[in-house]
Amino acid sequence: MRETLLELLETSGGQLTAGTILLRLAMSAVIAAFLFLSYRLSHSGSIYSVKFNVSLAALTIITTTVMIVIGNNIALSLGMVGALSIVRFRTAIKDARDTVYIFWAIVVGICCGSGDYLVAAAGSAFVFLVLLLFGRLRTDNRALLVLRIARIHEARAEALIFQYFDRKAILRARNTTEETVEFLYELSGKYLNRPRKAGEKPITDAVYELGGVEYFNIVLQSDDISG
């Protein structure tokens, strides 16, 4: 029984020819090119990273190489898992979609390394189309309105914000001292950029006309920037 188990662990799936190895690596490189193109088309602005995109393509080929080495050798695969378990990746992910691309690269590498080209190609085609169609979607930018004003004008300031944005401005925080009060409002960016009515002043001018304003800041939160 012990000898049988050792033979099973040491059994390899057979020696691969140089042509088979090159074919698997070539297929991996071709699909990695589609992955590279998809990432480039679905990302834009400051969120796009050329280095990360190149790393995705390289990760696909590296995973394929590892799969070719492992083959059907159970002992080697267990040793490889143990070796990789000590690796710690601490690269910050700027976009949630980057995780999808990392898994995509790994799955393609596994498929190509095991010779399942049809699965790798068909799956990548569907993923490519989905990310191409929906990759440029953005959630609506939000704006934070920070106003610090004398407490004697507190009621007038609240009325002014309500007048300009109705119930679309959500009060997130109110900080007070003996002399001042600070408001923190959150609203959708589209309401901040809405067309002004005839004769209506810009919100900045209207706020400063209240008097006693220490500062009035408008901060836009965009999906293209993350910690």
# chains A, B, ... in the order shown; residues from 1 in each chain; ligands from 1
call {"tool": "closest_atom_pairs", "arguments": {"of": "segment 86-177 of chain A", "to": "segment 54-73 of chain A", "cutoff": "6 Å", "atoms": "only C-alpha atoms", "output": "Markdown table"}}
result
| residue | atom | partner | partner_atom | distance |
| --- | --- | --- | --- | --- |
| A:Ala105 | CA | A:Thr60 | CA | 4.7 |
| A:Ile106 | CA | A:Thr60 | CA | 5.8 |
| A:Gly109 | CA | A:Thr64 | CA | 4.2 |
| A:Ile110 | CA | A:Thr64 | CA | 5.7 |
| A:Cys112 | CA | A:Thr64 | CA | 5.9 |
| A:Gly113 | CA | A:Thr64 | CA | 4.2 |
call {"tool": "closest_residue", "arguments": {"among": "A:Val107, A:Ala159, A:Ala96, A:Leu187", "to": "His43 of chain A", "atoms": "only C-alpha atoms"}}
result
A:Ala96
call {"tool": "atom_distance", "arguments": {"atom1": "atom CA of Ile170 of chain A", "atom2": "atom CA of Val146 of chain A"}}
result
11.9 Å
call {"tool": "atom_distance", "arguments": {"atom1": "atom CA of Arg148 of chain A", "atom2": "atom CA of Ala169 of chain A"}}
result
16.2 Å
call {"tool": "atom_distance", "arguments": {"atom1": "atom CA of Phe36 of chain A", "atom2": "atom CA of Asn53 of chain A"}}
result
5.9 Å
call {"tool": "residues_around", "arguments": {"residues": "segment 204-212 of chain A", "least_positions_apart": "6", "cutoff": "8 Å", "atoms": "only C-alpha atoms", "output": "list of chain:residue names"}}
result
A:Ile149, A:Ala150, A:His153, A:Arg156, A:Ala157, A:Leu160
